[in-house]
$ cat protein_35.txt   # compact mmCIF, C-alpha atoms
# COMPACT_ATOMS: atom_id res chain seq x y z
CA MET A 609 -47.56 9.45 8.58
CA THR A 610 -45.90 6.44 6.97
CA LYS A 611 -42.33 6.90 5.80
CA ASP A 612 -41.21 6.04 2.27
CA LYS A 613 -39.07 2.91 2.01
CA LEU A 614 -35.37 3.42 1.28
CA THR A 615 -32.48 0.99 0.90
CA LEU A 616 -29.05 2.14 2.06
CA TYR A 617 -26.20 0.20 0.46
CA LEU A 618 -23.30 0.48 2.88
CA ALA A 619 -19.85 0.09 1.34
CA ALA A 620 -17.25 -2.08 3.00
CA PRO A 621 -14.42 -1.36 3.37
CA ARG A 622 -15.02 2.31 4.20
CA GLY A 623 -13.64 4.92 6.56
CA PHE A 624 -10.41 4.78 8.51
CA CYS A 625 -7.45 2.98 6.96
CA ALA A 626 -4.48 1.64 8.93
CA GLY A 627 -2.35 4.74 8.21
CA VAL A 628 -5.02 7.14 9.51
CA ASP A 629 -5.69 4.93 12.53
CA ARG A 630 -1.97 4.96 13.34
CA ALA A 631 -1.62 8.75 12.89
CA ILE A 632 -4.50 9.52 15.26
CA LYS A 633 -3.14 7.03 17.79
CA ILE A 634 0.28 8.75 17.57
CA VAL A 635 -1.23 12.12 18.58
CA GLU A 636 -3.25 10.53 21.41
CA MET A 637 -0.24 8.60 22.73
CA ALA A 638 1.99 11.68 22.50
CA LEU A 639 -0.54 13.62 24.62
CA GLU A 640 -0.57 10.76 27.15
CA LYS A 641 3.21 10.59 27.26
CA TRP A 642 4.18 14.28 27.25
CA GLY A 643 0.93 16.00 28.24
CA ALA A 644 -0.62 18.98 26.45
CA PRO A 645 0.16 20.86 24.37
CA VAL A 646 1.57 18.66 21.62
CA TYR A 647 2.08 20.45 18.31
CA VAL A 648 1.06 18.94 14.95
CA ARG A 649 2.38 20.29 11.65
CA HIS A 650 -0.64 20.40 9.29
CA GLU A 651 -3.88 18.52 9.91
CA ILE A 652 -2.86 15.05 11.13
CA VAL A 653 -5.45 13.67 8.67
CA HIS A 654 -7.92 15.53 6.46
CA ASN A 655 -11.03 15.44 8.62
CA LYS A 656 -12.45 18.36 10.64
CA TYR A 657 -14.25 16.12 13.16
CA VAL A 658 -11.04 14.21 13.93
CA VAL A 659 -8.88 17.36 14.09
CA ASP A 660 -11.38 19.17 16.35
CA GLY A 661 -11.50 16.14 18.67
CA LEU A 662 -7.71 16.06 19.00
CA ARG A 663 -7.61 19.84 19.49
CA GLU A 664 -9.96 19.44 22.47
CA LYS A 665 -7.52 16.93 23.97
CA GLY A 666 -4.62 19.39 23.71
CA ALA A 667 -3.19 19.10 20.19
CA VAL A 668 -2.19 22.41 18.59
CA PHE A 669 -2.29 22.40 14.78
CA VAL A 670 0.14 24.67 12.95
CA GLU A 671 1.15 25.13 9.32
CA GLU A 672 4.91 25.39 9.75
CA LEU A 673 7.60 24.26 12.15
CA ASP A 674 8.61 27.81 13.09
CA GLU A 675 5.22 28.19 14.82
CA CYS A 676 6.23 25.49 17.33
CA PRO A 677 8.17 26.16 20.55
CA THR A 678 11.35 24.08 20.82
CA ASP A 679 10.44 22.69 24.26
CA ARG A 680 7.27 20.84 23.16
CA PRO A 681 6.94 17.72 20.97
CA VAL A 682 5.86 18.12 17.35
CA ILE A 683 4.19 15.52 15.15
CA PHE A 684 4.35 15.40 11.35
CA SER A 685 1.08 14.51 9.57
CA ALA A 686 0.17 11.21 7.94
CA HIS A 687 0.69 12.78 4.48
CA GLY A 688 4.48 13.01 4.92
CA VAL A 689 6.83 15.99 4.93
CA PRO A 690 9.76 17.20 2.82
CA LYS A 691 13.16 16.10 4.16
CA ALA A 692 13.94 19.69 5.17
CA VAL A 693 11.29 19.56 7.93
CA PRO A 694 12.75 16.80 10.18
CA ALA A 695 16.22 18.20 9.41
CA GLU A 696 15.13 21.59 10.78
CA ALA A 697 13.46 19.96 13.82
CA ALA A 698 16.72 18.11 14.56
CA ARG A 699 18.70 21.33 14.14
CA ARG A 700 16.43 23.03 16.68
CA GLU A 701 16.85 19.99 18.99
CA MET A 702 13.10 19.39 19.09
CA VAL A 703 11.39 16.14 20.07
CA TYR A 704 9.49 15.07 16.96
CA VAL A 705 7.41 12.08 15.93
CA ASP A 706 6.80 11.27 12.27
CA ALA A 707 3.23 10.03 11.67
CA THR A 708 3.79 9.61 7.90
CA CYS A 709 1.77 6.64 6.67
CA PRO A 710 4.17 3.71 6.06
CA LEU A 711 2.74 3.34 2.53
CA VAL A 712 3.68 6.97 1.79
CA SER A 713 7.14 6.34 3.30
CA LYS A 714 7.45 3.40 0.89
CA VAL A 715 7.02 5.83 -2.03
CA HIS A 716 9.65 8.16 -0.48
CA ILE A 717 12.14 5.27 -0.25
CA GLU A 718 11.35 4.26 -3.83
CA ALA A 719 12.03 7.81 -5.07
CA GLU A 720 15.36 7.92 -3.23
CA ARG A 721 16.39 4.54 -4.62
CA HIS A 722 15.66 5.60 -8.20
CA HIS A 723 17.48 8.89 -7.62
CA ALA A 724 20.53 7.01 -6.31
CA ASN A 725 20.45 4.98 -9.56
CA GLY A 726 20.64 8.18 -11.62
CA LEU A 727 16.97 8.32 -12.63
CA GLN A 728 14.87 11.47 -12.70
CA MET A 729 11.40 11.01 -11.16
CA VAL A 730 7.98 11.71 -12.62
CA MET A 731 5.34 12.00 -9.91
CA ILE A 732 1.67 11.49 -10.71
CA GLY A 733 -0.16 13.58 -8.13
CA HIS A 734 -2.10 16.72 -7.28
CA ALA A 735 -0.12 19.97 -7.17
CA GLY A 736 -0.09 21.51 -3.71
CA HIS A 737 -1.40 18.43 -1.89
CA PRO A 738 0.63 17.79 1.31
CA GLU A 739 1.52 14.25 0.20
CA THR A 740 2.81 15.47 -3.16
CA LEU A 741 4.84 18.25 -1.51
CA GLY A 742 6.27 15.76 0.99
CA THR A 743 7.25 13.22 -1.66
CA MET A 744 8.75 15.79 -4.03
CA GLY A 745 10.66 17.21 -1.06
CA GLN A 746 12.56 13.95 -0.59
CA LEU A 747 14.80 14.80 -3.54
CA PRO A 748 16.74 17.89 -4.63
CA GLU A 749 14.94 20.62 -6.60
CA GLY A 750 14.27 19.63 -10.22
CA GLU A 751 14.64 15.88 -9.62
CA VAL A 752 10.87 15.29 -9.51
CA LEU A 753 8.60 16.35 -12.38
CA LEU A 754 4.89 16.52 -11.52
CA VAL A 755 2.06 15.42 -13.82
CA GLU A 756 -1.64 15.61 -12.93
CA THR A 757 -3.27 14.50 -16.20
CA GLU A 758 -2.56 12.54 -19.39
CA ALA A 759 -2.27 15.89 -21.21
CA ASP A 760 0.59 16.91 -18.88
CA VAL A 761 2.68 13.98 -20.12
CA ALA A 762 3.07 15.58 -23.56
CA GLY A 763 4.66 18.68 -22.01
CA LEU A 764 7.29 16.86 -19.94
CA GLU A 765 10.89 17.83 -20.60
CA PRO A 766 13.08 15.35 -18.75
CA ARG A 767 16.84 15.64 -18.55
CA ASP A 768 17.24 12.24 -20.28
CA PRO A 769 14.17 10.38 -21.63
CA GLU A 770 16.08 7.11 -21.19
CA LYS A 771 16.60 7.67 -17.45
CA LEU A 772 13.18 8.11 -15.91
CA ALA A 773 11.08 6.42 -13.23
CA PHE A 774 7.54 7.20 -12.03
CA ILE A 775 5.84 7.20 -8.65
CA THR A 776 2.31 8.18 -7.65
CA GLN A 777 0.43 9.82 -4.83
CA THR A 778 -1.19 7.03 -2.79
CA THR A 779 -4.75 8.43 -2.90
CA LEU A 780 -5.44 8.80 -6.63
CA SER A 781 -8.17 7.32 -8.81
CA VAL A 782 -6.95 3.91 -9.91
CA ASP A 783 -8.54 4.27 -13.37
CA ASP A 784 -7.31 7.84 -14.04
CA THR A 785 -3.80 6.90 -12.96
CA ALA A 786 -3.76 3.89 -15.28
CA GLY A 787 -4.38 6.29 -18.20
CA ILE A 788 -1.52 8.57 -17.16
CA VAL A 789 0.83 5.59 -16.69
CA ALA A 790 -0.09 4.34 -20.18
CA ALA A 791 0.69 7.80 -21.62
CA LEU A 792 4.07 7.87 -19.82
CA LYS A 793 4.99 4.40 -21.10
CA ALA A 794 3.93 5.32 -24.63
CA ARG A 795 6.10 8.46 -24.66
CA PHE A 796 9.00 7.09 -22.58
CA PRO A 797 9.26 3.33 -23.23
CA ALA A 798 12.27 3.01 -20.90
CA ILE A 799 10.48 4.53 -17.88
CA VAL A 800 10.71 2.42 -14.71
CA GLY A 801 7.60 1.83 -12.61
CA PRO A 802 7.15 0.80 -8.97
CA HIS A 803 7.56 -2.91 -8.05
CA LYS A 804 4.12 -2.75 -6.50
CA GLU A 805 1.34 -0.23 -7.15
CA ASP A 806 1.89 3.04 -5.23
CA ILE A 807 -1.84 3.70 -4.86
CA CYS A 808 -2.52 2.24 -1.44
CA TYR A 809 -4.67 -0.81 -0.68
CA ALA A 810 -7.25 1.32 1.19
CA THR A 811 -7.75 3.76 -1.70
CA THR A 812 -8.11 0.86 -4.15
CA ASN A 813 -10.51 -1.10 -1.93
CA ARG A 814 -12.76 1.89 -1.25
CA GLN A 815 -12.96 2.68 -4.97
CA GLU A 816 -13.83 -0.95 -5.79
CA SER A 817 -16.67 -0.98 -3.25
CA VAL A 818 -18.12 2.22 -4.76
CA LYS A 819 -17.95 0.65 -8.24
CA ALA A 820 -19.91 -2.35 -6.89
CA ILE A 821 -22.61 -0.13 -5.39
CA ALA A 822 -22.99 2.53 -8.12
CA PRO A 823 -25.18 0.51 -10.54
CA LYS A 824 -27.64 -0.36 -7.73
CA VAL A 825 -28.41 3.14 -6.42
CA ASP A 826 -30.07 6.47 -7.27
CA ALA A 827 -27.45 8.43 -5.29
CA ILE A 828 -24.09 8.00 -3.59
CA LEU A 829 -22.97 9.97 -0.55
CA VAL A 830 -19.26 9.98 0.29
CA ILE A 831 -18.56 11.08 3.85
CA GLY A 832 -15.29 12.98 3.87
CA ALA A 833 -13.58 16.36 3.91
CA PRO A 834 -13.38 18.70 0.89
CA ASN A 835 -9.56 18.68 1.18
CA SER A 836 -9.38 14.87 1.33
CA SER A 837 -7.98 13.56 -1.96
CA ASN A 838 -9.17 9.97 -1.50
CA SER A 839 -12.71 11.14 -0.58
CA LYS A 840 -12.98 13.35 -3.67
CA ARG A 841 -11.79 10.45 -5.83
CA LEU A 842 -14.61 8.28 -4.42
CA VAL A 843 -17.15 10.89 -5.58
CA GLU A 844 -15.63 10.80 -9.08
CA VAL A 845 -15.52 6.99 -9.14
CA GLY A 846 -19.22 6.87 -8.20
CA ALA A 847 -20.11 9.21 -11.07
CA TYR A 848 -17.90 7.34 -13.59
CA ALA A 849 -19.43 4.03 -12.49
CA GLY A 850 -22.88 5.24 -13.52
CA CYS A 851 -24.46 6.96 -10.52
CA SER A 852 -25.94 10.27 -11.68
CA TYR A 853 -25.88 11.84 -8.18
CA SER A 854 -22.55 11.30 -6.40
CA GLN A 855 -21.81 13.86 -3.67
CA LEU A 856 -19.33 14.61 -0.88
CA VAL A 857 -20.75 15.44 2.57
CA GLN A 858 -18.71 16.22 5.68
CA ARG A 859 -21.53 15.02 7.93
CA ALA A 860 -25.31 14.56 8.08
CA THR A 861 -26.05 18.30 8.28
CA ASP A 862 -24.57 18.70 4.75
CA ILE A 863 -27.06 16.37 3.06
CA ASP A 864 -29.19 18.13 0.42
CA TRP A 865 -32.52 16.43 1.07
CA ARG A 866 -34.30 18.26 -1.77
CA ALA A 867 -31.85 16.75 -4.27
CA LEU A 868 -32.71 13.30 -2.90
CA ASP A 869 -36.47 13.74 -3.24
CA GLY A 870 -38.13 10.65 -4.74
CA ILE A 871 -35.12 8.35 -4.47
CA ARG A 872 -35.40 4.72 -3.37
CA SER A 873 -31.77 3.69 -2.88
CA VAL A 874 -28.60 5.41 -1.66
CA GLY A 875 -25.01 4.18 -1.49
CA ILE A 876 -22.97 5.32 1.50
CA THR A 877 -19.22 5.19 1.90
CA ALA A 878 -16.57 7.16 3.77
CA GLY A 879 -13.10 8.34 2.83
CA ALA A 880 -10.07 6.90 4.60
CA SER A 881 -9.89 9.74 7.14
CA ALA A 882 -13.62 9.80 8.05
CA PRO A 883 -14.59 8.12 11.36
CA GLU A 884 -17.44 5.59 11.61
CA VAL A 885 -19.34 7.87 14.02
CA LEU A 886 -20.07 10.17 11.02
CA VAL A 887 -21.33 7.21 8.96
CA ASN A 888 -23.73 6.29 11.78
CA GLU A 889 -24.85 9.92 12.00
CA VAL A 890 -25.77 9.88 8.28
CA ILE A 891 -27.63 6.55 8.60
CA ASP A 892 -29.60 7.94 11.58
CA ALA A 893 -30.49 11.05 9.56
CA PHE A 894 -31.97 8.80 6.83
CA ARG A 895 -33.85 6.75 9.46
CA ASP A 896 -35.46 9.97 10.73
CA ARG A 897 -36.96 10.54 7.27
CA TYR A 898 -37.38 7.09 5.72
CA ASP A 899 -38.23 3.48 6.51
CA VAL A 900 -34.63 2.32 6.04
CA THR A 901 -33.20 -1.08 5.15
CA VAL A 902 -29.39 -1.27 5.37
CA GLU A 903 -27.62 -3.62 2.94
CA PRO A 904 -23.85 -4.04 3.44
CA VAL A 905 -21.83 -4.49 0.24
CA GLU A 906 -18.46 -5.97 1.14
CA THR A 907 -15.86 -6.24 -1.63
CA ALA A 908 -12.72 -6.81 0.51
CA VAL A 909 -11.65 -7.51 4.09
CA GLU A 910 -8.84 -5.36 5.52
CA ARG A 911 -6.57 -6.68 8.25
CA VAL A 912 -3.66 -4.25 7.87
CA GLU A 913 -2.19 -2.72 11.04
CA PHE A 914 0.82 -0.44 11.44
CA LYS A 915 2.84 -0.10 14.63
CA VAL A 916 3.33 3.30 16.21
CA PRO A 917 6.92 4.61 16.49
CA ARG A 918 9.02 3.07 19.28
CA VAL A 919 9.45 6.44 21.07
CA LEU A 920 5.74 6.33 21.97
CA ARG A 921 5.89 2.75 23.22
CA GLU A 922 8.70 3.59 25.66
CA PRO A 923 7.97 5.17 29.07
CA ALA A 924 8.51 8.92 29.38

$ encode --input "protein_35.txt" --output "structure tokens"
Amino acid sequence: MTKDKLTLYLAAPRGFCAGVDRAIKIVEMALEKWGAPVYVRHEIVHNKYVVDGLREKGAVFVEELDECPTDRPVIFSAHGVPKAVPAEAARREMVYVDATCPLVSKVHIEAERHHANGLQMVMIGHAGHPETLGTMGQLPEGEVLLVETEADVAGLEPRDPEKLAFITQTTLSVDDTAGIVAALKARFPAIVGPHKEDICYATTNRQESVKAIAPKVDAILVIGAPNSSNSKRLVEVGAYAGCSYSQLVQRATDIDWRALDGIRSVGITAGASAPEVLVNEVIDAFRDRYDVTVEPVETAVERVEFKVPRVLREPA
């Protein structure tokens, strides 16, 4: 039986960003240095395949610090943590390693600088997301006001409308955030913005590659976890950019083949915490069913690398 022809448009950049790469390396190096178990507060990155792989090597994932024994190292996830967490670890005299992405740390420093200058912060982000909780937890209660949508801007009640600054979660939709920023500037003309965009280079690049692919394809599959903010934004960007079927899949077994019946072209990308092995798994699943041609669509080249903390580069 001859297979139908199908073109897979493969987004580049896709998958792991420098911050995720660094966070995973931190857990692996901690296990090498101190042996198992090493405790990790929250998922190190939002990807089940990655977390399960590290768990097999001896990482123990917990929700809160009080679940960790004081005599084993603990690692804080790439999303960042409120200031109270490392303070508590220090109080308990624990060995801890902070795997917060340096681009998230940049937003933390920015928030502290504005706070020191007497400005109240407005954070554009998703309520309850670990990165949002971590960033808001850098400042005292009430110093950071959260907005998720343009509509939220109208309900803001700042202490002083003349003394405001805004920051954003690093994994948001570039286009949606631009609308919220415009609403903030319209309502609070004096509001201070970041020197450089808070949305990280990897989020921006992955969204741009999806925009380039969307008009060419019948469907887009984003490989990523349902709790991954940047992956969910890629699904939305694909739909906004004109692709009528834009879906999130954790791996090849999640593909709804009936929904793809009759298609001739599919765009494939992966969120910043999804490993390339899952991309290859999806491509192989298409090859099993179709006569596949793979067309890379490269919109940027990433050469960013972040060093791991010094404590892991020193001998035990």

$ closest_residue --input "protein_35.txt" --among "A:Asn888, A:Gln746, A:Thr907, A:Thr740" --to "A:Leu780" --atoms "all atoms listed in the file"
A:Thr740

$ residues_around --input "protein_35.txt" --residues "A:Asp784" --least-positions-apart "5" --cutoff "10 Å" --atoms "only C-alpha atoms" --output "PyMOL selection string"
chain A and resi 756-758+789+841+845

$ closest_residue --input "protein_35.txt" --among "A:Leu920, A:Ile717, A:Val800, A:Ile775" --to "A:Val703" --atoms "all atoms listed in the file"
A:Leu920

$ residues_around --input "protein_35.txt" --residues "A:Leu842" --least-positions-apart "2" --cutoff "10 Å" --atoms "only C-alpha atoms" --output "number ranges by chain"
A: 779-781, 811-812, 814-819, 828-832, 837-840, 844-848, 854-856, 877-879

$ residues_around --input "protein_35.txt" --residues "A:Asp612" --least-positions-apart "3" --cutoff "8 Å" --atoms "all atoms listed in the file" --output "ChimeraX atom specification"
/A:897-899

$ closest_residue --input "protein_35.txt" --among "A:Val843, A:Val648, A:Val916, A:Ile891" --to "A:Val670" --atoms "all atoms listed in the file"
A:Val648

$ atom_distance --input "protein_35.txt" --atom1 "atom CA of A:Phe684" --atom2 "atom CA of A:Phe774"
25.0 Å

$ residues_near_point --input "protein_35.txt" --point "(-11.7, 7.2, 6.5)" --cutoff "8 Å" --atoms "all atoms listed in the file" --output "list in words"
Arg622, Gly623, Phe624, Cys625, Val628, Gly832, Ala878, Gly879, Ala880, Ser881, Ala882, Pro883 and Glu884 of chain A

$ closest_residue --input "protein_35.txt" --among "A:Val890, A:Ala827, A:Leu662, A:Cys851" --to "A:Gly870" --atoms "all atoms listed in the file"
A:Ala827

$ atom_distance --input "protein_35.txt" --atom1 "atom CA of A:Leu618" --atom2 "atom CA of A:Gly661"
25.2 Å

$ decode --input "protein_35.txt" --residues "stretch 850-861 of chain A" --atoms "all heavy atoms" --output "PDB file, in the first residue's frame"
ATOM      1  N   GLY A 850      -3.144  31.938  11.620  1.00  0.00           N
ATOM      2  CA  GLY A 850      -3.946  31.456  10.500  1.00  0.00           C
ATOM      3  C   GLY A 850      -4.029  29.951  10.314  1.00  0.00           C
ATOM      4  O   GLY A 850      -4.615  29.482   9.343  1.00  0.00           O
ATOM      5  N   CYS A 851      -3.463  29.185  11.237  1.00  0.00           N
ATOM      6  CA  CYS A 851      -3.568  27.729  11.111  1.00  0.00           C
ATOM      7  C   CYS A 851      -4.794  27.256  11.884  1.00  0.00           C
ATOM      8  O   CYS A 851      -4.887  27.461  13.098  1.00  0.00           O
ATOM      9  CB  CYS A 851      -2.312  27.048  11.636  1.00  0.00           C
ATOM     10  SG  CYS A 851      -2.380  25.264  11.430  1.00  0.00           S
ATOM     11  N   SER A 852      -5.730  26.604  11.174  1.00  0.00           N
ATOM     12  CA  SER A 852      -7.020  26.267  11.806  1.00  0.00           C
ATOM     13  C   SER A 852      -6.905  25.121  12.818  1.00  0.00           C
ATOM     14  O   SER A 852      -7.757  24.962  13.674  1.00  0.00           O
ATOM     15  CB  SER A 852      -8.052  25.914  10.737  1.00  0.00           C
ATOM     16  OG  SER A 852      -7.561  24.834   9.964  1.00  0.00           O
ATOM     17  N   TYR A 853      -5.844  24.303  12.709  1.00  0.00           N
ATOM     18  CA  TYR A 853      -5.657  23.197  13.659  1.00  0.00           C
ATOM     19  C   TYR A 853      -4.271  23.341  14.292  1.00  0.00           C
ATOM     20  O   TYR A 853      -3.257  22.993  13.694  1.00  0.00           O
ATOM     21  CB  TYR A 853      -5.787  21.851  12.940  1.00  0.00           C
ATOM     22  CG  TYR A 853      -5.750  20.658  13.900  1.00  0.00           C
ATOM     23  CD1 TYR A 853      -6.920  20.182  14.489  1.00  0.00           C
ATOM     24  CD2 TYR A 853      -4.549  20.021  14.211  1.00  0.00           C
ATOM     25  CE1 TYR A 853      -6.897  19.097  15.366  1.00  0.00           C
ATOM     26  CE2 TYR A 853      -4.514  18.931  15.089  1.00  0.00           C
ATOM     27  CZ  TYR A 853      -5.692  18.479  15.663  1.00  0.00           C
ATOM     28  OH  TYR A 853      -5.661  17.409  16.526  1.00  0.00           O
ATOM     29  N   SER A 854      -4.249  23.906  15.497  1.00  0.00           N
ATOM     30  CA  SER A 854      -2.990  24.115  16.225  1.00  0.00           C
ATOM     31  C   SER A 854      -3.150  23.436  17.577  1.00  0.00           C
ATOM     32  O   SER A 854      -4.021  23.815  18.363  1.00  0.00           O
ATOM     33  CB  SER A 854      -2.731  25.619  16.383  1.00  0.00           C
ATOM     34  OG  SER A 854      -1.479  25.867  16.976  1.00  0.00           O
ATOM     35  N   GLN A 855      -2.346  22.395  17.832  1.00  0.00           N
ATOM     36  CA  GLN A 855      -2.567  21.552  19.013  1.00  0.00           C
ATOM     37  C   GLN A 855      -1.283  21.293  19.793  1.00  0.00           C
ATOM     38  O   GLN A 855      -0.196  21.214  19.214  1.00  0.00           O
ATOM     39  CB  GLN A 855      -3.142  20.190  18.580  1.00  0.00           C
ATOM     40  CG  GLN A 855      -4.526  20.262  17.982  1.00  0.00           C
ATOM     41  CD  GLN A 855      -5.597  20.641  18.986  1.00  0.00           C
ATOM     42  OE1 GLN A 855      -5.593  20.179  20.115  1.00  0.00           O
ATOM     43  NE2 GLN A 855      -6.534  21.486  18.559  1.00  0.00           N
ATOM     44  N   LEU A 856      -1.445  21.099  21.108  1.00  0.00           N
ATOM     45  CA  LEU A 856      -0.344  20.725  21.987  1.00  0.00           C
ATOM     46  C   LEU A 856      -0.333  19.205  22.144  1.00  0.00           C
ATOM     47  O   LEU A 856      -1.373  18.598  22.397  1.00  0.00           O
ATOM     48  CB  LEU A 856      -0.542  21.390  23.357  1.00  0.00           C
ATOM     49  CG  LEU A 856       0.567  21.216  24.390  1.00  0.00           C
ATOM     50  CD1 LEU A 856       1.798  22.029  24.011  1.00  0.00           C
ATOM     51  CD2 LEU A 856       0.079  21.653  25.771  1.00  0.00           C
ATOM     52  N   VAL A 857       0.829  18.588  21.990  1.00  0.00           N
ATOM     53  CA  VAL A 857       0.974  17.153  22.269  1.00  0.00           C
ATOM     54  C   VAL A 857       2.201  16.959  23.164  1.00  0.00           C
ATOM     55  O   VAL A 857       3.218  17.612  22.965  1.00  0.00           O
ATOM     56  CB  VAL A 857       1.117  16.294  20.982  1.00  0.00           C
ATOM     57  CG1 VAL A 857      -0.157  16.330  20.160  1.00  0.00           C
ATOM     58  CG2 VAL A 857       2.313  16.720  20.135  1.00  0.00           C
ATOM     59  N   GLN A 858       2.086  16.089  24.157  1.00  0.00           N
ATOM     60  CA  GLN A 858       3.247  15.825  25.013  1.00  0.00           C
ATOM     61  C   GLN A 858       4.265  14.953  24.292  1.00  0.00           C
ATOM     62  O   GLN A 858       5.466  15.130  24.457  1.00  0.00           O
ATOM     63  CB  GLN A 858       2.824  15.164  26.326  1.00  0.00           C
ATOM     64  CG  GLN A 858       1.996  16.079  27.207  1.00  0.00           C
ATOM     65  CD  GLN A 858       2.153  15.742  28.667  1.00  0.00           C
ATOM     66  OE1 GLN A 858       3.234  15.882  29.230  1.00  0.00           O
ATOM     67  NE2 GLN A 858       1.079  15.324  29.301  1.00  0.00           N
ATOM     68  N   ARG A 859       3.742  14.001  23.506  1.00  0.00           N
ATOM     69  CA  ARG A 859       4.612  13.141  22.705  1.00  0.00           C
ATOM     70  C   ARG A 859       3.785  12.473  21.616  1.00  0.00           C
ATOM     71  O   ARG A 859       2.576  12.706  21.508  1.00  0.00           O
ATOM     72  CB  ARG A 859       5.358  12.149  23.580  1.00  0.00           C
ATOM     73  CG  ARG A 859       4.555  11.329  24.544  1.00  0.00           C
ATOM     74  CD  ARG A 859       5.454  10.599  25.520  1.00  0.00           C
ATOM     75  NE  ARG A 859       6.575   9.952  24.838  1.00  0.00           N
ATOM     76  CZ  ARG A 859       7.564   9.306  25.462  1.00  0.00           C
ATOM     77  NH1 ARG A 859       7.582   9.233  26.775  1.00  0.00           N
ATOM     78  NH2 ARG A 859       8.546   8.730  24.787  1.00  0.00           N
ATOM     79  N   ALA A 860       4.416  11.609  20.818  1.00  0.00           N
ATOM     80  CA  ALA A 860       3.753  11.049  19.629  1.00  0.00           C
ATOM     81  C   ALA A 860       2.453  10.313  19.948  1.00  0.00           C
ATOM     82  O   ALA A 860       1.504  10.351  19.162  1.00  0.00           O
ATOM     83  CB  ALA A 860       4.721  10.121  18.898  1.00  0.00           C
ATOM     84  N   THR A 861       2.399   9.659  21.110  1.00  0.00           N
ATOM     85  CA  THR A 861       1.189   8.894  21.465  1.00  0.00           C
ATOM     86  C   THR A 861      -0.041   9.785  21.657  1.00  0.00           C
ATOM     87  O   THR A 861      -1.165   9.291  21.679  1.00  0.00           O
ATOM     88  CB  THR A 861       1.423   8.077  22.761  1.00  0.00           C
ATOM     89  OG1 THR A 861       2.007   8.939  23.740  1.00  0.00           O
ATOM     90  CG2 THR A 861       2.362   6.900  22.517  1.00  0.00           C
TER      91      THR A 861
END
